[in-house]
Amino acid sequence: MTGDGGLTVGDSSSTSDPVASGAPDARPSRLCAKGLSVDYVRKGKSVRAVDNVDLELRDGEFVAIVGPSGSGKSTFLMAIDGLVPLSGGTVSVNGTVTHGPAPDRAVVFQDASLLPWRTIIDNVAYGLEIAKRPKAERYRIAEELIALTGLRGFEQFYPSQLSGGMRQRVNIARALASNPEVLLLDEPFSGLDAQTRETMQGELLKVWDEQKKTAVFVTHQIDEAVYLADRVIAFSARPARIVQEWRIPFERPRPLELKQTQKHRDIEAEIWAVVRHEGEKSAKGR
Ligand SMILES: Nc1ncnc2c1ncn2[C@@H]1O[C@H](COP(=O)(O)OP(=O)(O)OP(=O)(O)O)[C@@H](O)[C@H]1O
């Protein structure tokens, strides 16, 4: 069940992607986690949340991470961002080992953490203001991202005047404003209703097709992972280790109707079986 390299869905597919056909990936390495481990201290005892995870993303790759609840997915993402200290291993961006958060990585969280007293455009431009970029430049960039994320006309609104889906658009625009090398998304659509969530998945792919950011996306939703990602990685029950990996063979751009196809459903079912098995192991261990 838990092969080292894991099953690779689509290896034999007709996709022209050189990665999927097994040829070496010539794209430069953007993000590299090596031997990444994280321990938390709980009631005076050390608890391992992430155990010795190796993961490399090439330029412009979109990787989704799935796994049972409490397996360590968010911890892994936070460790990449530098928000939680590593107990072991390294995180490198463009070959340079990172030490804590930096503008080369940006996170989009589940709850849109917008500043309520700032307008939408000022929220999007906030990071650029902190970075002391000239005013004209920050508004030019913010305007571009507002257009890209479908927020035109809402520049002068406040976060409380927007729906949850629109607030997440602002969050994504804000994360992209500093032009990070790597975009980290931690269940960004989990607070949205099913229909809005689906719309946002399509919108995210449009933005991603435009910008081709290297991205790590954590989610509970297998269908979301398969629809969005080039690769889906399943984490074990805590402590998180990589149990299996799937290469997703669908061409881009991907219409939302893709999710209704048998092949999409088959891949979902395969991944779901692995995640469920891991979840059961974790439930038995409690
Ligand atoms: N600050 C913390 N202190 C102690 N333990 C923590 C802390 N944050 C997370 N944990 C524990 O680490 C483990 C991994 O948590 P994490 O939130 O990373 O999992 P997850 O896979 O993202 O979960 P979910 O899918 O439910 O969001 C869990 O057992 C959690 O209780």
# chains A, B, ... in the order shown; residues from 1 in each chain; ligands from 1
$ residues_around --residues "range 167-174 of chain A" --least-positions-apart "4" --cutoff "8 Å" --atoms "only C-alpha atoms" --output "list in words"
Val108, Asp111, Ala112, Ser113, Leu114, Ile120, Asn123, Val124, Ala125, Tyr126, Gly127, Ala142, Leu145, Ile146, Thr149, Gly150, Leu151, Pro159, Leu162, Ser163, Ser178, Pro188 and Phe189 of chain A
$ select_by_dssp --residues "range 54-251 of chain A" --states "alpha helix (DSSP H)" --output "PyMOL selection string"
chain A and resi 73-81+120-124+126-130+135-148+164-177+194-211+222-228
$ residues_near_ligand --ligand "ligand 1" --cutoff "7 Å" --atoms "only C-alpha atoms and all ligand atoms" --output "PyMOL selection string"
chain A and resi 40-42+49+67-76+220+238
$ write_last_selection --atoms "C-alpha atoms" --output "short mmCIF file (atom, residue, chain, number, x, y, z; two decimals), in the first residue's frame"
data_model
loop_
_atom_site.label_atom_id
_atom_site.label_comp_id
_atom_site.auth_asym_id
_atom_site.auth_seq_id
_atom_site.Cartn_x
_atom_site.Cartn_y
_atom_site.Cartn_z
CA TYR A 40 5.91 20.31 19.41
CA VAL A 41 6.18 20.33 23.16
CA ARG A 42 2.89 19.27 24.76
CA ALA A 49 4.39 16.33 14.07
CA GLY A 67 -3.73 13.41 4.57
CA PRO A 68 -5.79 12.55 7.64
CA SER A 69 -6.86 15.25 10.03
CA GLY A 70 -4.06 16.15 12.43
CA SER A 71 -1.42 14.45 10.31
CA GLY A 72 0.84 17.50 10.20
CA LYS A 73 -0.04 19.11 6.86
CA SER A 74 -0.38 22.66 8.20
CA THR A 75 2.68 22.21 10.37
CA PHE A 76 4.68 21.22 7.29
CA HIS A 220 -8.76 17.89 2.96
CA ARG A 238 0.99 11.92 12.53
#
$ closest_residue --among "A:Ala234, A:Ile267, A:Val182, A:Met166" --to "Asp104 in chain A" --atoms "only C-alpha atoms"
A:Val182
$ residues_around --residues "Ala33 in chain A" --least-positions-apart "4" --cutoff "7 Å" --atoms "only C-alpha atoms" --output "list of chain:residue names"
A:Val53, A:Asp54, A:Leu55, A:Glu56, A:Thr90, A:Val91, A:Ser92
$ write_last_selection --atoms "C-alpha atoms" --output "PDB file, in the first residue's frame"
ATOM      1  CA  VAL A  53      10.041  14.782   4.925  1.00  0.00           C
ATOM      2  CA  ASP A  54      11.879  15.353   1.643  1.00  0.00           C
ATOM      3  CA  LEU A  55      10.031  17.330  -0.997  1.00  0.00           C
ATOM      4  CA  GLU A  56      11.302  19.243  -3.993  1.00  0.00           C
ATOM      5  CA  THR A  90      16.375  22.381   5.964  1.00  0.00           C
ATOM      6  CA  VAL A  91      14.157  24.404   3.672  1.00  0.00           C
ATOM      7  CA  SER A  92      15.795  25.984   0.630  1.00  0.00           C
TER       8      SER A  92
END
$ residues_around --residues "Glu137 in chain A" --least-positions-apart "4" --cutoff "12 Å" --atoms "only C-alpha atoms" --output "MDAnalysis selection string"
chainID A and resid 125 128:129 131:133 141:144 177:178
$ closest_residue --among "A:Leu184, A:Ala240, A:Ile80, A:Ala269" --to "Val47 in chain A" --atoms "only C-alpha atoms"
A:Ala240
$ atom_distance --atom1 "CA of Leu36 in chain A" --atom2 "CA of Glu245 in chain A"
17.3 Å
$ select_by_dssp --residues "range 20-129 of chain A" --states "strand (DSSP E)" --output "ChimeraX atom specification"
/A:29-42,45-58,62-66,88-93,96-97,105-108
$ closest_residue --among "A:Ala102, A:Ile233, A:Leu256, A:Val84" --to "Ile65 in chain A" --atoms "only C-alpha atoms"
A:Ile233
$ atom_distance --atom1 "CA of Lys259 in chain A" --atom2 "CA of Arg58 in chain A"
25.2 Å
$ residues_around --residues "Ala106 in chain A" --least-positions-apart "3" --cutoff "8 Å" --atoms "only C-alpha atoms" --output "number ranges by chain"
A: 81, 103, 175-176, 180, 182-184
$ write_last_selection --atoms "C-alpha atoms" --output "JSON list (two decimals), in the first residue's frame"
[["chain", "number", "residue", "atom", "x", "y", "z"],
["A", 81, "ASP", "CA", 7.28, 29.39, 5.64],
["A", 103, "PRO", "CA", 9.20, 37.66, 1.13],
["A", 175, "ALA", "CA", 0.00, 37.07, -1.20],
["A", 176, "LEU", "CA", 0.98, 37.55, -4.84],
["A", 180, "PRO", "CA", 7.02, 35.47, -3.95],
["A", 182, "VAL", "CA", 6.69, 30.13, -3.63],
["A", 183, "LEU", "CA", 3.01, 30.39, -2.77],
["A", 184, "LEU", "CA", 1.82, 28.35, 0.22]]
$ atom_distance --atom1 "CA of Arg140 in chain A" --atom2 "CA of Arg105 in chain A"
21.3 Å
$ closest_residue --among "A:Leu148, A:Ile271, A:Ile242, A:Val226" --to "Gln211 in chain A" --atoms "only C-alpha atoms"
A:Leu148
$ decode --residues "range 28-130 of chain A" --atoms "C-alpha atoms" --output "short mmCIF file (atom, residue, chain, number, x, y, z; two decimals), in the first residue's frame"
data_model
loop_
_atom_site.label_atom_id
_atom_site.label_comp_id
_atom_site.auth_asym_id
_atom_site.auth_seq_id
_atom_site.Cartn_x
_atom_site.Cartn_y
_atom_site.Cartn_z
CA PRO A 28 15.22 24.74 -11.88
CA SER A 29 14.51 23.66 -8.32
CA ARG A 30 12.46 26.35 -6.58
CA LEU A 31 11.66 24.85 -3.18
CA CYS A 32 13.42 22.02 -1.44
CA ALA A 33 12.60 20.54 1.97
CA LYS A 34 15.23 18.06 3.09
CA GLY A 35 14.78 15.82 6.13
CA LEU A 36 12.24 18.29 7.48
CA SER A 37 11.11 17.43 11.01
CA VAL A 38 9.04 19.38 13.50
CA ASP A 39 8.42 18.58 17.17
CA TYR A 40 5.91 20.31 19.41
CA VAL A 41 6.18 20.33 23.16
CA ARG A 42 2.89 19.27 24.76
CA LYS A 43 2.54 19.07 28.54
CA GLY A 44 6.31 18.99 28.83
CA LYS A 45 6.63 16.13 26.34
CA SER A 46 8.02 16.38 22.84
CA VAL A 47 5.56 15.25 20.16
CA ARG A 48 6.73 14.73 16.60
CA ALA A 49 4.39 16.33 14.07
CA VAL A 50 6.46 16.04 10.88
CA ASP A 51 9.08 13.36 10.42
CA ASN A 52 11.95 13.58 7.98
CA VAL A 53 10.04 14.78 4.92
CA ASP A 54 11.88 15.35 1.64
CA LEU A 55 10.03 17.33 -1.00
CA GLU A 56 11.30 19.24 -3.99
CA LEU A 57 9.28 21.49 -6.27
CA ARG A 58 10.50 22.62 -9.66
CA ASP A 59 9.79 26.08 -11.00
CA GLY A 60 6.08 26.51 -11.61
CA GLU A 61 5.04 23.20 -10.10
CA PHE A 62 1.74 22.95 -8.22
CA VAL A 63 1.79 20.32 -5.49
CA ALA A 64 -1.18 19.46 -3.28
CA ILE A 65 -0.80 17.75 0.09
CA VAL A 66 -3.60 15.61 1.50
CA GLY A 67 -3.73 13.41 4.57
CA PRO A 68 -5.79 12.55 7.64
CA SER A 69 -6.86 15.25 10.03
CA GLY A 70 -4.06 16.15 12.43
CA SER A 71 -1.42 14.45 10.31
CA GLY A 72 0.84 17.50 10.20
CA LYS A 73 -0.04 19.11 6.86
CA SER A 74 -0.38 22.66 8.20
CA THR A 75 2.68 22.21 10.37
CA PHE A 76 4.68 21.22 7.29
CA LEU A 77 3.47 24.30 5.43
CA MET A 78 4.23 26.58 8.38
CA ALA A 79 7.68 25.04 8.67
CA ILE A 80 8.34 25.83 5.01
CA ASP A 81 7.28 29.39 5.64
CA GLY A 82 9.49 29.61 8.72
CA LEU A 83 6.59 30.18 11.10
CA VAL A 84 7.43 27.12 13.21
CA PRO A 85 10.99 26.14 14.10
CA LEU A 86 12.48 23.00 12.53
CA SER A 87 13.68 20.18 14.77
CA GLY A 88 15.67 18.81 11.87
CA GLY A 89 16.35 19.33 8.19
CA THR A 90 16.37 22.38 5.96
CA VAL A 91 14.16 24.40 3.67
CA SER A 92 15.80 25.98 0.63
CA VAL A 93 14.41 28.43 -1.89
CA ASN A 94 16.36 28.67 -5.15
CA GLY A 95 19.13 26.65 -3.52
CA THR A 96 19.59 28.96 -0.53
CA VAL A 97 18.75 27.65 2.95
CA THR A 98 16.08 29.80 4.61
CA HIS A 99 16.05 31.00 8.21
CA GLY A 100 12.55 32.12 9.12
CA PRO A 101 9.88 33.91 7.10
CA ALA A 102 10.92 36.07 4.14
CA PRO A 103 9.20 37.66 1.13
CA ASP A 104 10.31 34.75 -1.09
CA ARG A 105 7.43 32.74 0.43
CA ALA A 106 3.83 33.91 0.95
CA VAL A 107 1.01 32.09 2.73
CA VAL A 108 -2.73 32.14 2.12
CA PHE A 109 -4.58 30.90 5.19
CA GLN A 110 -8.06 29.45 5.58
CA ASP A 111 -9.37 32.66 7.15
CA ALA A 112 -8.74 35.73 5.10
CA SER A 113 -6.56 37.66 7.53
CA LEU A 114 -7.30 41.08 6.08
CA LEU A 115 -6.96 44.37 7.89
CA PRO A 116 -10.59 45.46 8.46
CA TRP A 117 -9.84 49.19 8.52
CA ARG A 118 -8.10 49.16 5.16
CA THR A 119 -9.80 49.20 1.78
CA ILE A 120 -9.34 46.26 -0.57
CA ILE A 121 -6.68 47.99 -2.62
CA ASP A 122 -4.82 49.03 0.53
CA ASN A 123 -4.98 45.46 1.83
CA VAL A 124 -3.51 44.14 -1.41
CA ALA A 125 -0.79 46.81 -1.34
CA TYR A 126 -0.02 46.35 2.37
CA GLY A 127 3.04 44.11 2.01
CA LEU A 128 4.50 46.45 -0.59
CA GLU A 129 4.02 49.36 1.79
CA ILE A 130 5.85 47.45 4.53
#
